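Everything below concerns the one structure shown next.
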Amino acid sequence: MPRPTLYIAITNHGFGHAVPISSVANLVQKMCPDVLLIMVTTAPRWLLESYISGDFIHRPRAFDVGVIQSDSITMDKQATLEKLKEIRSKERSIIAGEVDFIKQNRVDLLLADIPPLAAKIAQAADIPCWMLNNFGWDFIYRPWGGEFVEIADWIGECFGQCDRLFRLPLHESMDAFPNVFDVGLTGGTPHYQPEEIKAKFGIYTDKEKTVLLTFGGLGLAQIPYQNISRFPDWQFITFDSNAPEFPNLINVRNKLDKNHTQFLKIRPVDFMPICGRIISKPGYSTFAEALKLEIPVVSLIREGFAESKLLLEGIQDYSYHQILPPTEFFDGDWEFIRRPLQPPRKSEKLDKNGSEAIAKAVVEYLH
């Protein structure tokens, strides 16, 4: 019997799409140890390895562009449009190359988050395409107008060929998809006990005064770290290797570089349980992991990216939170840290088992 083979295509945009689908891939591998995982993404292998505990093939390919950005908030729409046109002009050759690869490797199922061409690739290879996300790229591009409208139409046509969408919480309607299944939150779960983390990194503050700064894979330019010195009795944690040194700032990456330990695959989600809040920008994977662990979220507002509004509404509905205008974060003195958090507007909780539900469906199909 050939091994069941799962081809996973990931949007070429930051790290936020690689995280939810990698957490699903990890569960598929645990439930079905003989599965062959093929991770098709330009995301770095170390990121995938921090979520997938077993072996996989890494095929660095990009079928879409997401949004070209200099950091986690600053977008270059013109460069994005040029790249989208280039991908569209090469559509036939991209599809042909992947169909050959899929047939050679006897792939059984294509799972995607959420490159539009994945649906056309699967159809041409005569295998099903399942997708997961809380938004489609047509939803992001359409409000930008001009030539983006035609691109959004093309993307909607691609999505129309998807066999099944697992729609994640905090979503838009995703009308282009013919078959929609709503599932719960996705994302990683902590690898370590809170005591292990606190001992390893010398964290002695109480949880309420421990803050994780996390701004996605691209980070933020010009974080005003000098404000940290105004809160000497608080502990701040960052993964930004360019951060300056402060007595109350732990730079996880630099600490690990100096001291290679079993903590090498540590991720922001591993720190969340010891923190009283995270400070972030709107991003599904960070928000979903915080919501799963019920960690309060302080988020910047992000203009011009349609998904942000959905995410900020969701955080206000389901989490203790603060929503910050960018000026208050970049130009203010961070006095918001001393203000009380707002309670969630809704009393019900979101389902936390999205990764498990998707993985179970995939394994049932592969068997």
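By convention in this document, the chains of the structure tokens carry letters A, B, ... by their order, each chain's residues are numbered from 1, and ligands are numbered from 1 in the order they are shown.
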Which residues, written as a count of residues only, have at least one atom at most 6 Å from segment 285-294 of chain A, with only C-alpha atoms counted and residues fewer than 3 positions away on the same chain left out? 4
Segment 220-337 of chain A residues near segment 46-53 of chain A within 8 Å, closest pair each, using only C-alpha atoms, as JSON lines:
```
{"residue": "A:Lys265", "atom": "CA", "partner": "A:Ser50", "partner_atom": "CA", "distance": 4.9}
{"residue": "A:Ile266", "atom": "CA", "partner": "A:Ser50", "partner_atom": "CA", "distance": 7.0}
{"residue": "A:Arg267", "atom": "CA", "partner": "A:Ser50", "partner_atom": "CA", "distance": 7.2}
```
Please produce an output containing C-alpha atoms for each residue in the selection, written as a CSV table (one decimal), in the first residue's frame.
```
chain,number,residue,atom,x,y,z
A,265,LYS,CA,11.8,25.5,19.0
A,266,ILE,CA,10.2,27.9,21.4
A,267,ARG,CA,7.4,30.1,20.0
```
Show which residues sit within 7 Å of Ile250 of chain A, as a VMD selection string. Count only C-alpha atoms, and ignore same-chain residues fewer than 3 positions away. chain A and resid 236 to 238
Nearest to Val19 of chain A among A:Ala243, A:Ala43, A:Leu170, A:Ala199, with distances taken over only C-alpha atoms: which residue is it?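 Of A:Ala243, A:Ala43, A:Leu170, A:Ala199, the one nearest Val19 of chain A, counting only C-alpha atoms, is A:Ala43.
Here the strand (DSSP E) residues in segment 141-303 of chain A, by DSSP on the backbone, are Arg164, Leu165, Phe166, Arg167, Val180, Phe181, Asp182, Thr210, Val211, Leu212, Leu213, Gln235, Phe236, Ile237, Thr238, Leu249, Ile250, Asn251, Arg277, Ile278, Ile279, Ser280, Val297, Val298, Ser299 and Leu300 of chain A.
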Could you give me, as a PyMOL selection string, the residues within 12 Å of segment 328-340 of chain A, counting only C-alpha atoms and dropping anything in the same chain fewer than 4 positions from it? chain A and resi 208-211+213+220-231+233-236+276-281+296-301+320-324
Can you list, as JSON, numbers by chain, every residue of segment 121-315 of chain A that DSSP puts in alpha helix (DSSP H)? {"A": [121, 122, 123, 124, 125, 137, 138, 139, 140, 141, 147, 148, 149, 150, 151, 152, 153, 154, 155, 156, 157, 158, 159, 194, 195, 196, 197, 198, 199, 200, 201, 252, 253, 254, 255, 256, 257, 258, 268, 269, 270, 271, 284, 285, 286, 287, 288, 289, 290, 291, 292, 293, 306, 307, 308, 309, 310, 311, 312, 313, 314, 315]}
Who sits within 12 Å of Asp317 of chain A, only C-alpha atoms, same chain under 2 positions skipped, as JSON, numbers by chain: {"A": [169, 170, 291, 296, 297, 310, 311, 312, 313, 314, 315, 319, 320, 321, 322, 342, 343, 344, 345, 346, 347, 348, 349, 350]}
My list of candidates is A:Pro128, A:Gly66, A:Pro115, A:Gly136. Which is closest to Val362 of chain A when distances are computed with only C-alpha atoms?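 Checking each candidate against Val362 of chain A, we get A:Pro128 as the closest.
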From the set A:Ala18, A:Leu6, A:Ala118, A:Ile203, which residue has the shortest atom-to-atom contact distance to Glu91 of chain A, counting only C-alpha atoms? A:Ala118
Hey, which of A:Trp137, A:Phe101, A:Trp144, A:Tyr284 ends up closest to Phe159 of chain A? Count only C-alpha atoms.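 Under the stated criterion, the closest residue is A:Trp137.
Interatomic distance, atom CA of Gly97 of chain A against atom CA of Ala25 of chain A: 23.5 Å.
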One decimal, Å: what's the distance from atom CA of Pro247 of chain A over to atom CA of Lys200 of chain A, could you say? 16.3 Å
